[in-house]
>>> print(open('start.cif').read())   # mmCIF, C-alpha atoms
data_my_file
#
loop_
_atom_site.label_atom_id
_atom_site.label_comp_id
_atom_site.auth_asym_id
_atom_site.auth_seq_id
_atom_site.Cartn_x
_atom_site.Cartn_y
_atom_site.Cartn_z
CA MET A 1 20.62 -28.39 10.10
CA LEU A 2 18.31 -25.45 10.55
CA ASN A 3 20.86 -23.68 12.70
CA GLU A 4 23.48 -23.68 9.97
CA LYS A 5 20.96 -22.56 7.39
CA LEU A 6 19.94 -19.71 9.63
CA ILE A 7 23.54 -18.55 9.94
CA GLN A 8 23.87 -18.63 6.16
CA LEU A 9 20.64 -16.71 5.80
CA LYS A 10 21.84 -14.04 8.19
CA GLU A 11 25.05 -13.75 6.21
CA SER A 12 23.04 -13.17 3.04
CA VAL A 13 21.15 -10.36 4.80
CA ILE A 14 24.39 -8.76 5.97
CA HIS A 15 25.68 -8.93 2.42
CA GLU A 16 22.49 -7.36 1.08
CA ALA A 17 22.70 -4.58 3.67
CA THR A 18 26.32 -3.90 2.75
CA MET A 19 25.30 -3.49 -0.88
CA VAL A 20 22.55 -1.06 0.10
CA GLU A 21 24.94 0.94 2.29
CA GLU A 22 27.31 1.22 -0.64
CA MET A 23 24.47 2.42 -2.87
CA ILE A 24 23.64 5.17 -0.38
CA ARG A 25 27.29 6.17 -0.02
CA LYS A 26 27.80 6.27 -3.79
CA SER A 27 24.64 8.25 -4.46
CA ILE A 28 25.75 11.00 -2.05
CA LYS A 29 29.39 10.90 -3.14
CA GLY A 30 28.24 11.10 -6.76
CA LEU A 31 26.16 14.16 -5.92
CA ILE A 32 28.84 16.01 -4.02
CA GLU A 33 31.65 15.22 -6.41
CA LYS A 34 29.43 15.64 -9.48
CA ASP A 35 30.47 12.14 -10.48
CA LYS A 36 27.99 10.85 -13.04
CA LYS A 37 29.66 7.43 -13.23
CA ASN A 38 29.00 6.64 -9.59
CA LEU A 39 25.37 7.69 -9.90
CA GLU A 40 24.77 5.62 -12.99
CA GLU A 41 26.37 2.63 -11.37
CA VAL A 42 23.86 2.83 -8.51
CA ILE A 43 20.96 2.98 -10.97
CA LYS A 44 22.10 0.57 -13.64
CA LYS A 45 24.14 -2.03 -11.78
CA GLN A 46 23.76 -2.03 -8.05
CA GLU A 47 19.99 -1.90 -7.86
CA GLY A 48 19.73 -5.01 -9.97
CA ARG A 49 22.05 -6.85 -7.61
CA VAL A 50 20.00 -5.91 -4.57
CA ASN A 51 16.81 -6.95 -6.36
CA LYS A 52 18.33 -10.35 -7.10
CA ALA A 53 19.45 -10.68 -3.50
CA GLU A 54 15.93 -9.88 -2.31
CA ILE A 55 14.31 -12.58 -4.44
CA ASP A 56 16.98 -15.06 -3.39
CA ILE A 57 16.55 -14.37 0.35
CA ASP A 58 12.76 -14.46 0.04
CA GLU A 59 12.93 -17.90 -1.47
CA LYS A 60 15.40 -19.16 1.10
CA CYS A 61 13.11 -18.01 3.91
CA ILE A 62 10.05 -19.68 2.45
CA ASN A 63 11.96 -22.89 1.83
CA LEU A 64 13.34 -22.93 5.38
CA ILE A 65 9.87 -22.60 6.87
CA ALA A 66 8.44 -25.23 4.54
CA LEU A 67 11.29 -27.71 5.06
CA TYR A 68 12.10 -27.35 8.74
CA GLN A 69 8.78 -26.13 10.15
CA PRO A 70 10.69 -24.12 12.73
CA GLU A 71 9.04 -23.28 15.99
CA ALA A 72 8.68 -20.14 18.10
CA ARG A 73 11.94 -18.21 18.15
CA ASP A 74 13.40 -19.57 14.90
CA LEU A 75 10.14 -18.96 13.11
CA ARG A 76 10.09 -15.36 14.34
CA THR A 77 13.67 -14.89 13.19
CA ILE A 78 12.90 -16.11 9.69
CA LEU A 79 9.74 -14.01 9.45
CA MET A 80 11.73 -11.04 10.58
CA ILE A 81 14.38 -11.66 7.92
CA LEU A 82 11.60 -11.72 5.33
CA LYS A 83 10.52 -8.26 6.49
CA MET A 84 14.06 -6.88 6.73
CA ASN A 85 14.74 -8.17 3.27
CA ASN A 86 11.79 -6.16 2.00
CA ASP A 87 12.92 -3.07 3.91
CA LEU A 88 16.46 -3.35 2.55
CA GLU A 89 15.25 -3.60 -1.01
CA ARG A 90 13.18 -0.46 -0.45
CA MET A 91 16.24 1.34 0.83
CA GLY A 92 18.00 0.36 -2.38
CA ASP A 93 15.12 2.04 -4.22
CA GLN A 94 15.65 5.16 -2.10
CA ALA A 95 19.31 5.24 -3.12
CA VAL A 96 18.25 4.99 -6.76
CA ASN A 97 15.88 7.93 -6.26
CA ILE A 98 18.70 9.93 -4.68
CA SER A 99 20.96 9.13 -7.62
CA GLU A 100 18.27 10.17 -10.10
CA SER A 101 17.83 13.55 -8.44
CA ALA A 102 21.60 13.88 -8.15
CA LEU A 103 21.93 13.31 -11.91
CA PHE A 104 19.63 16.31 -12.40
CA LEU A 105 21.48 18.45 -9.87
CA ILE A 106 25.06 17.84 -11.02
CA GLU A 107 24.28 19.30 -14.44
CA LYS A 108 23.42 22.66 -12.85
CA PRO A 109 25.37 25.06 -10.65
CA PHE A 110 25.07 24.14 -6.97
CA ILE A 111 22.97 26.58 -4.95
CA LYS A 112 25.47 26.22 -2.12
CA PRO A 113 27.87 23.47 -1.06
CA PHE A 114 26.10 20.41 0.34
CA ILE A 115 26.70 20.12 4.08
CA ASP A 116 23.48 18.97 5.74
CA ILE A 117 22.52 16.41 3.10
CA PRO A 118 25.73 14.36 3.51
CA ARG A 119 25.40 14.68 7.29
CA MET A 120 21.86 13.44 7.13
CA ALA A 121 22.87 10.59 4.84
CA GLU A 122 25.67 9.59 7.17
CA GLU A 123 23.30 9.49 10.14
CA ALA A 124 20.85 7.36 8.15
CA SER A 125 23.60 5.05 6.93
CA ASN A 126 24.85 4.55 10.45
CA MET A 127 21.33 3.80 11.57
CA LEU A 128 21.07 1.17 8.85
CA LYS A 129 24.41 -0.38 9.81
CA ASP A 130 23.50 -0.42 13.49
CA SER A 131 20.05 -1.84 12.81
CA ILE A 132 21.64 -4.83 11.09
CA THR A 133 24.21 -5.22 13.89
CA SER A 134 21.46 -5.06 16.50
CA PHE A 135 19.58 -7.79 14.66
CA ILE A 136 22.60 -10.05 14.21
CA ASN A 137 23.77 -9.65 17.81
CA GLU A 138 20.21 -9.56 19.15
CA ASP A 139 21.24 -6.33 20.84
CA VAL A 140 18.06 -4.69 22.14
CA LYS A 141 19.93 -1.77 23.64
CA LEU A 142 21.54 -0.84 20.34
CA ALA A 143 18.18 -1.25 18.61
CA GLN A 144 16.55 1.13 21.08
CA ASP A 145 19.36 3.60 20.53
CA VAL A 146 18.81 3.56 16.76
CA VAL A 147 15.07 4.16 17.21
CA LYS A 148 15.88 7.25 19.26
CA ARG A 149 18.31 8.58 16.66
CA ASP A 150 15.53 8.84 14.08
CA ASN A 151 14.82 12.28 15.56
CA ILE A 152 18.25 13.58 14.56
CA VAL A 153 17.50 12.77 10.94
CA ASP A 154 14.01 14.26 11.15
CA ASN A 155 15.38 17.48 12.62
CA LEU A 156 18.08 17.75 9.98
CA GLN A 157 15.42 17.37 7.33
CA THR A 158 13.23 20.09 8.83
CA GLN A 159 16.25 22.37 8.89
CA ILE A 160 17.14 21.57 5.26
CA ILE A 161 13.62 22.24 4.02
CA ARG A 162 13.39 25.49 5.96
CA GLU A 163 16.60 26.74 4.39
CA LEU A 164 15.55 25.65 0.90
CA VAL A 165 12.27 27.53 1.22
CA THR A 166 14.17 30.76 1.83
CA PHE A 167 16.32 30.06 -1.24
CA MET A 168 13.25 29.45 -3.36
CA ILE A 169 11.60 32.66 -2.19
CA SER A 170 14.66 34.82 -2.75
CA ASP A 171 15.52 33.32 -6.14
CA THR A 172 12.81 31.48 -8.06
CA THR A 173 15.32 30.11 -10.55
CA THR A 174 16.44 27.73 -7.77
CA ILE A 175 12.98 26.16 -7.32
CA GLU A 176 13.47 23.07 -9.45
CA ARG A 177 16.85 22.35 -7.92
CA CYS A 178 15.45 22.85 -4.44
CA LEU A 179 12.63 20.39 -5.14
CA HIS A 180 15.20 17.78 -6.08
CA ILE A 181 17.16 18.43 -2.90
CA ILE A 182 13.95 18.09 -0.90
CA ARG A 183 13.29 14.81 -2.70
CA ILE A 184 16.76 13.61 -1.73
CA SER A 185 16.12 14.57 1.89
CA HIS A 186 12.84 12.63 1.84
CA ASN A 187 14.59 9.57 0.57
CA ILE A 188 17.29 9.76 3.23
CA GLU A 189 14.62 10.23 5.83
CA ARG A 190 12.87 7.10 4.63
CA ILE A 191 16.10 5.12 4.88
CA ALA A 192 16.28 6.19 8.53
CA ASP A 193 12.62 5.21 9.00
CA LEU A 194 13.13 1.78 7.49
CA SER A 195 16.17 1.26 9.73
CA THR A 196 13.94 2.12 12.65
CA ASN A 197 11.48 -0.53 11.47
CA ILE A 198 14.24 -3.13 11.49
CA CYS A 199 15.14 -2.17 15.06
CA GLU A 200 11.52 -2.34 16.19
CA ASP A 201 11.30 -5.79 14.70
CA THR A 202 14.56 -6.80 16.38
CA ILE A 203 13.23 -5.68 19.75
CA PHE A 204 10.10 -7.70 19.05
CA MET A 205 12.10 -10.76 18.03
CA VAL A 206 14.33 -10.73 21.09
CA SER A 207 11.98 -9.52 23.79
CA GLY A 208 8.63 -10.47 22.29
CA LYS A 209 7.64 -6.87 23.05
CA ASN A 210 5.98 -4.98 20.24
CA ILE A 211 7.12 -1.35 20.39
CA LYS A 212 5.75 -0.51 16.97
CA HIS A 213 3.39 2.42 16.84
CA PHE A 214 4.73 3.94 20.00
CA LYS A 215 6.81 5.96 17.62
CA LYS A 216 5.33 6.67 14.23
CA LYS A 217 7.18 5.33 11.26
CA ASP A 218 7.09 6.09 7.57
CA ASN A 219 6.00 9.57 8.43
CA LYS A 220 7.19 11.69 5.60
CA MET B 1 -9.23 -26.25 10.82
CA LEU B 2 -6.58 -24.23 8.99
CA ASN B 3 -8.95 -23.51 6.15
CA GLU B 4 -11.46 -21.79 8.39
CA LYS B 5 -8.74 -19.82 10.14
CA LEU B 6 -7.43 -18.66 6.77
CA ILE B 7 -10.87 -17.40 5.80
CA GLN B 8 -11.07 -15.47 9.07
CA LEU B 9 -7.62 -14.07 8.50
CA LYS B 10 -8.56 -12.89 5.03
CA GLU B 11 -11.63 -11.21 6.48
CA SER B 12 -9.46 -9.34 8.95
CA VAL B 13 -7.29 -8.11 6.08
CA ILE B 14 -10.35 -6.95 4.13
CA HIS B 15 -11.53 -5.11 7.21
CA GLU B 16 -8.12 -3.48 7.67
CA ALA B 17 -8.05 -2.44 4.01
CA THR B 18 -11.53 -0.92 4.33
CA MET B 19 -10.34 1.17 7.26
CA VAL B 20 -7.34 2.38 5.26
CA GLU B 21 -9.54 3.24 2.27
CA GLU B 22 -11.75 5.28 4.55
CA MET B 23 -8.71 7.10 5.95
CA ILE B 24 -7.63 8.04 2.42
CA ARG B 25 -11.14 9.16 1.48
CA LYS B 26 -11.50 11.24 4.63
CA SER B 27 -8.11 12.90 4.30
CA ILE B 28 -8.92 14.10 0.78
CA LYS B 29 -12.52 15.04 1.65
CA GLY B 30 -11.23 16.93 4.68
CA LEU B 31 -8.81 18.82 2.46
CA ILE B 32 -11.31 19.76 -0.23
CA GLU B 33 -14.13 20.67 2.14
CA LYS B 34 -11.76 22.32 4.63
CA ASP B 35 -13.19 20.00 7.25
CA LYS B 36 -10.81 19.91 10.19
CA LYS B 37 -12.88 17.33 12.05
CA ASN B 38 -12.45 14.70 9.36
CA LEU B 39 -8.72 15.30 9.22
CA GLU B 40 -8.27 15.06 12.96
CA GLU B 41 -10.28 11.88 13.05
CA VAL B 42 -7.87 10.27 10.59
CA ILE B 43 -4.90 11.30 12.71
CA LYS B 44 -6.23 10.77 16.20
CA LYS B 45 -8.64 7.86 15.88
CA GLN B 46 -8.39 5.89 12.69
CA GLU B 47 -4.63 5.45 12.59
CA GLY B 48 -4.73 3.86 16.03
CA ARG B 49 -7.33 1.37 14.86
CA VAL B 50 -5.27 0.34 11.85
CA ASN B 51 -2.18 -0.02 14.02
CA LYS B 52 -4.08 -2.33 16.35
CA ALA B 53 -5.37 -4.33 13.40
CA GLU B 54 -1.81 -4.69 12.10
CA ILE B 55 -0.48 -6.08 15.36
CA ASP B 56 -3.47 -8.40 15.64
CA ILE B 57 -3.10 -9.78 12.11
CA ASP B 58 0.67 -10.18 12.56
CA GLU B 59 0.12 -12.31 15.62
CA LYS B 60 -2.58 -14.39 13.98
CA CYS B 61 -0.25 -15.13 11.05
CA ILE B 62 2.63 -16.18 13.27
CA ASN B 63 0.35 -18.36 15.37
CA LEU B 64 -1.15 -20.04 12.32
CA ILE B 65 2.27 -20.96 10.99
CA ALA B 66 3.45 -22.18 14.38
CA LEU B 67 0.31 -24.19 15.11
CA TYR B 68 -0.57 -25.68 11.74
CA GLN B 69 2.82 -25.78 10.03
CA PRO B 70 1.08 -25.15 6.71
CA GLU B 71 2.71 -26.32 3.53
CA ALA B 72 3.37 -24.79 0.11
CA ARG B 73 0.39 -22.78 -1.02
CA ASP B 74 -1.11 -22.08 2.41
CA LEU B 75 2.26 -21.03 3.75
CA ARG B 76 2.73 -18.62 0.86
CA THR B 77 -0.73 -17.19 1.46
CA ILE B 78 0.00 -16.52 5.12
CA LEU B 79 3.41 -15.00 4.37
CA MET B 80 1.75 -12.83 1.79
CA ILE B 81 -0.85 -11.66 4.30
CA LEU B 82 1.99 -10.70 6.64
CA LYS B 83 3.45 -8.53 3.91
CA MET B 84 0.11 -7.03 2.88
CA ASN B 85 -0.60 -6.26 6.48
CA ASN B 86 2.62 -4.26 6.64
CA ASP B 87 1.82 -2.49 3.37
CA LEU B 88 -1.68 -1.59 4.55
CA GLU B 89 -0.38 -0.12 7.76
CA ARG B 90 2.05 2.00 5.76
CA MET B 91 -0.82 3.24 3.61
CA GLY B 92 -2.56 4.29 6.81
CA ASP B 93 0.57 6.30 7.62
CA GLN B 94 0.35 7.92 4.19
CA ALA B 95 -3.24 8.97 4.89
CA VAL B 96 -2.08 10.50 8.17
CA ASN B 97 0.61 12.45 6.31
CA ILE B 98 -1.99 13.68 3.83
CA SER B 99 -4.22 14.79 6.70
CA GLU B 100 -1.34 16.62 8.37
CA SER B 101 -0.53 18.59 5.24
CA ALA B 102 -4.25 19.17 4.69
CA LEU B 103 -4.51 20.67 8.18
CA PHE B 104 -1.84 23.18 7.14
CA LEU B 105 -3.50 23.93 3.81
CA ILE B 106 -7.08 24.44 4.98
CA GLU B 107 -5.99 27.34 7.18
CA LYS B 108 -4.78 29.28 4.13
CA PRO B 109 -6.50 30.40 0.92
CA PHE B 110 -6.43 27.69 -1.74
CA ILE B 111 -4.12 28.46 -4.66
CA LYS B 112 -6.76 27.00 -6.97
CA PRO B 113 -9.53 24.43 -6.55
CA PHE B 114 -8.20 20.90 -6.11
CA ILE B 115 -8.97 18.81 -9.19
CA ASP B 116 -5.98 16.58 -9.93
CA ILE B 117 -5.24 15.64 -6.30
CA PRO B 118 -8.70 14.10 -5.71
CA ARG B 119 -8.47 12.39 -9.10
CA MET B 120 -5.09 10.97 -8.19
CA ALA B 121 -6.40 9.86 -4.80
CA GLU B 122 -9.36 8.16 -6.40
CA GLU B 123 -7.13 6.25 -8.79
CA ALA B 124 -4.90 5.16 -5.92
CA SER B 125 -7.88 4.17 -3.76
CA ASN B 126 -9.30 2.09 -6.58
CA MET B 127 -5.93 0.43 -7.02
CA LEU B 128 -5.91 -0.43 -3.33
CA LYS B 129 -9.45 -1.82 -3.46
CA ASP B 130 -8.70 -3.87 -6.57
CA SER B 131 -5.42 -5.15 -5.14
CA ILE B 132 -7.31 -6.60 -2.18
CA THR B 133 -10.00 -8.05 -4.47
CA SER B 134 -7.35 -9.61 -6.68
CA PHE B 135 -5.76 -11.20 -3.64
CA ILE B 136 -9.02 -12.53 -2.19
CA ASN B 137 -10.26 -13.90 -5.52
CA GLU B 138 -6.76 -14.93 -6.60
CA ASP B 139 -7.44 -12.95 -9.75
CA VAL B 140 -4.12 -12.61 -11.60
CA LYS B 141 -5.68 -10.67 -14.45
CA LEU B 142 -7.03 -7.99 -12.14
CA ALA B 143 -3.70 -7.86 -10.33
CA GLN B 144 -1.87 -7.31 -13.63
CA ASP B 145 -4.34 -4.59 -14.52
CA VAL B 146 -3.65 -2.75 -11.25
CA VAL B 147 0.11 -2.93 -11.82
CA LYS B 148 -0.39 -1.28 -15.20
CA ARG B 149 -2.54 1.50 -13.72
CA ASP B 150 0.35 2.71 -11.57
CA ASN B 151 1.43 4.77 -14.59
CA ILE B 152 -1.77 6.80 -14.52
CA VAL B 153 -1.00 7.89 -10.96
CA ASP B 154 2.65 8.62 -11.80
CA ASN B 155 1.64 10.76 -14.77
CA LEU B 156 -0.90 12.68 -12.72
CA GLN B 157 1.79 13.40 -10.17
CA THR B 158 4.24 14.65 -12.80
CA GLN B 159 1.52 16.94 -14.12
CA ILE B 160 0.67 18.23 -10.63
CA ILE B 161 4.28 19.01 -9.78
CA ARG B 162 4.85 20.72 -13.10
CA GLU B 163 1.88 23.00 -12.52
CA LEU B 164 2.91 23.74 -8.94
CA VAL B 165 6.39 24.76 -10.06
CA THR B 166 4.88 27.42 -12.32
CA PHE B 167 2.78 28.68 -9.40
CA MET B 168 5.82 28.88 -7.14
CA ILE B 169 7.80 30.79 -9.75
CA SER B 170 5.06 33.28 -10.50
CA ASP B 171 4.13 33.87 -6.85
CA THR B 172 6.66 32.97 -4.17
CA THR B 173 4.08 33.39 -1.41
CA THR B 174 2.58 30.09 -2.61
CA ILE B 175 5.79 28.08 -2.07
CA GLU B 176 5.00 26.63 1.33
CA ARG B 177 1.49 25.64 0.28
CA CYS B 178 2.84 24.12 -2.92
CA LEU B 179 5.35 22.04 -0.96
CA HIS B 180 2.51 20.61 1.12
CA ILE B 181 0.53 19.78 -2.01
CA ILE B 182 3.60 18.06 -3.45
CA ARG B 183 3.91 16.11 -0.19
CA ILE B 184 0.28 15.03 -0.53
CA SER B 185 0.90 13.91 -4.10
CA HIS B 186 3.93 11.88 -2.95
CA ASN B 187 1.85 10.14 -0.33
CA ILE B 188 -0.89 9.28 -2.81
CA GLU B 189 1.72 8.01 -5.20
CA ARG B 190 3.10 5.74 -2.48
CA ILE B 191 -0.35 4.34 -1.79
CA ALA B 192 -0.52 3.40 -5.47
CA ASP B 193 2.96 1.87 -5.25
CA LEU B 194 2.09 -0.21 -2.21
CA SER B 195 -1.07 -1.42 -3.96
CA THR B 196 1.14 -2.47 -6.83
CA ASN B 197 3.29 -4.42 -4.37
CA ILE B 198 0.23 -6.29 -3.13
CA CYS B 199 -0.66 -7.20 -6.71
CA GLU B 200 2.86 -8.37 -7.48
CA ASP B 201 2.70 -10.57 -4.42
CA THR B 202 -0.72 -11.88 -5.45
CA ILE B 203 0.62 -12.83 -8.86
CA PHE B 204 3.49 -14.58 -7.14
CA MET B 205 1.18 -16.40 -4.74
CA VAL B 206 -1.14 -17.67 -7.47
CA SER B 207 1.23 -18.34 -10.32
CA GLY B 208 4.49 -18.78 -8.46
CA LYS B 209 5.87 -16.23 -10.91
CA ASN B 210 7.86 -13.40 -9.43
CA ILE B 211 7.18 -10.24 -11.45
CA LYS B 212 8.76 -7.95 -8.91
CA HIS B 213 11.44 -5.66 -10.23
CA PHE B 214 10.20 -5.81 -13.77
CA LYS B 215 8.46 -2.62 -12.82
CA LYS B 216 10.17 -0.47 -10.25
CA LYS B 217 8.30 0.13 -7.06
CA ASP B 218 8.61 2.67 -4.31
CA ASN B 219 10.08 5.04 -6.84
CA LYS B 220 9.27 8.46 -5.53
#
>>> encode(input="start.cif", output="structure tokens")
Amino acid sequence: MLNEKLIQLKESVIHEATMVEEMIRKSIKGLIEKDKKNLEEVIKKQEGRVNKAEIDIDEKCINLIALYQPEARDLRTILMILKMNNDLERMGDQAVNISESALFLIEKPFIKPFIDIPRMAEEASNMLKDSITSFINEDVKLAQDVVKRDNIVDNLQTQIIRELVTFMISDTTTIERCLHIIRISHNIERIADLSTNICEDTIFMVSGKNIKHFKKKDNK
Amino acid sequence: MLNEKLIQLKESVIHEATMVEEMIRKSIKGLIEKDKKNLEEVIKKQEGRVNKAEIDIDEKCINLIALYQPEARDLRTILMILKMNNDLERMGDQAVNISESALFLIEKPFIKPFIDIPRMAEEASNMLKDSITSFINEDVKLAQDVVKRDNIVDNLQTQIIRELVTFMISDTTTIERCLHIIRISHNIERIADLSTNICEDTIFMVSGKNIKHFKKKDNK
């Protein structure tokens, strides 16, 4: 039964998203607590698992279309899962990038305690979680809410970069560290963007209304 | 006939890719020649056209699957076009980002003439062009070649950032400009990455062999 298969497929996506959320959480926790083990786990173990999940879900989607030749709504759902799957894997890559920069940063003295970066990461993580929930529950209102929240993350990033520039100017020995923090902020910002994409696709799937490009995505 | 429709669909993708290539070319030309008009054209006109093309191609793909219920190879081709379409639109976003940073930079004195950035952009543009050619001609060898060339772009970026760091340290008034140049280099690097994705998908489509994740993508 296609219906059953679709439920299983959605469960695989939820599982993949949970793994990605954990990668994000660990990469930030590893940074703040200077915990190399957590960071290396993200890079060496968890990314591989998400990559496997991506390939697996991709294949399931293609097989479902080929076997069941689903129509209209079901077809759109499967195509959307294909896209989400790709977005989730990219978010896993972002978490790896964060962990890599964190590995550099934890070997050096911190410029100041991290406050905005974890806040930004929490916002982005929540956006990811809610984007998946909105998709599973076909909740357009929640999806719209997530799209709006992208601004919070963008503003936090602007604030972070502004502050880092003043650090760099007043003490050039901080430049390399600041560049890594900026890189981390970019990666968090992209996680938020990709969550926004998922929500836009959800809105499209449920309402048939394409809201893409009303708000720019992928803009950093 | 599905076959005819597929040829038309491929032509639309080629057309979309040509628009994106032009956006990249114009954003770099606008930067180097301090030509505001070119940069604004990328942001205000060309992005809109690519966005429209994306929505159009998306719909055509979904309709083809729904109407013709294509099997095996044709299905994979259409699903791949859906993905490429998404990647191309993202590259358009990268070109917009480059133009935005260029608009900032052309108002200030250049730190030094741009040499590596245009070189990097040319490499990435060629990768994009070749990725589309490899897809259209189902040329696995060319696709593999493009995947390998991603290193050239990565190395250029490392070199650019290293040089910029020395500028920032020796003259802190250059920091903001340097950050914009780094942003441009990131965006070029992502164009190369997304071209690599297209090639990986091409290899998968033709050979059924999934080479994704042997080389990391989206890694900046």
>>> closest_residue(input="start.cif", among="A:Asn38, A:Ser207, A:Asn97, A:Ser185", to="chain B", atoms="only C-alpha atoms")
A:Asn97
>>> resolve_selection(input="start.cif", expression="the PyMOL selection byres ((chain A) within 8 of (chain B))", output="JSON, numbers by chain")
{"A": [51, 62, 66, 69, 70, 71, 72, 75, 76, 83, 90, 93, 94, 97, 165, 168, 169, 172, 173, 175, 176, 213, 217, 218, 219, 220]}
>>> resolve_selection(input="start.cif", expression="the PyMOL selection byres ((chain A and resi 9-26) around 6)", output="number ranges by chain")
A: 6-8, 27-30, 38, 42, 92, 95
>>> write_last_selection(input="start.cif", atoms="C-alpha atoms", output="compact mmCIF listing (two decimals), in the frame of the given file")
# COMPACT_ATOMS: atom_id res chain seq x y z
CA LEU A 6 19.94 -19.71 9.63
CA ILE A 7 23.54 -18.55 9.94
CA GLN A 8 23.87 -18.63 6.16
CA SER A 27 24.64 8.25 -4.46
CA ILE A 28 25.75 11.00 -2.05
CA LYS A 29 29.39 10.90 -3.14
CA GLY A 30 28.24 11.10 -6.76
CA ASN A 38 29.00 6.64 -9.59
CA VAL A 42 23.86 2.83 -8.51
CA GLY A 92 18.00 0.36 -2.38
CA ALA A 95 19.31 5.24 -3.12
>>> resolve_selection(input="start.cif", expression="the PyMOL selection byres ((chain B and resi 117-133) around 6)", output="PyMOL selection string")
chain B and resi 115-116+134-137+146+153+188+192+195+199
>>> atom_distance(input="start.cif", atom1="CA of Asp87 in chain B", atom2="CA of Leu194 in chain B")
6.0 Å
>>> closest_residue(input="start.cif", among="A:Ile106, A:Ile57, A:Val140, A:Leu164", to="Gly208 in chain A", atoms="all atoms listed in the file")
A:Val140
>>> atom_distance(input="start.cif", atom1="CA of Ile160 in chain B", atom2="CA of Glu107 in chain A")
23.9 Å
>>> atom_distance(input="start.cif", atom1="CA of Phe114 in chain B", atom2="CA of Arg177 in chain A")
25.2 Å
>>> closest_residue(input="start.cif", among="A:Phe110, A:Glu200, A:Ser99, A:Arg190", to="Lys44 in chain A", atoms="all atoms listed in the file")
A:Ser99
>>> closest_residue(input="start.cif", among="A:Val147, A:Lys141, A:Glu59, A:Cys178", to="Pro109 in chain A", atoms="all atoms listed in the file")
A:Cys178
>>> closest_residue(input="start.cif", among="A:Leu2, A:Asp145, A:Asp154, A:Leu88", to="Ala53 in chain A", atoms="only C-alpha atoms")
A:Leu88
>>> closest_residue(input="start.cif", among="B:Lys36, B:Lys5, B:Arg49, B:His180", to="Leu103 in chain B", atoms="all atoms listed in the file")
B:Lys36
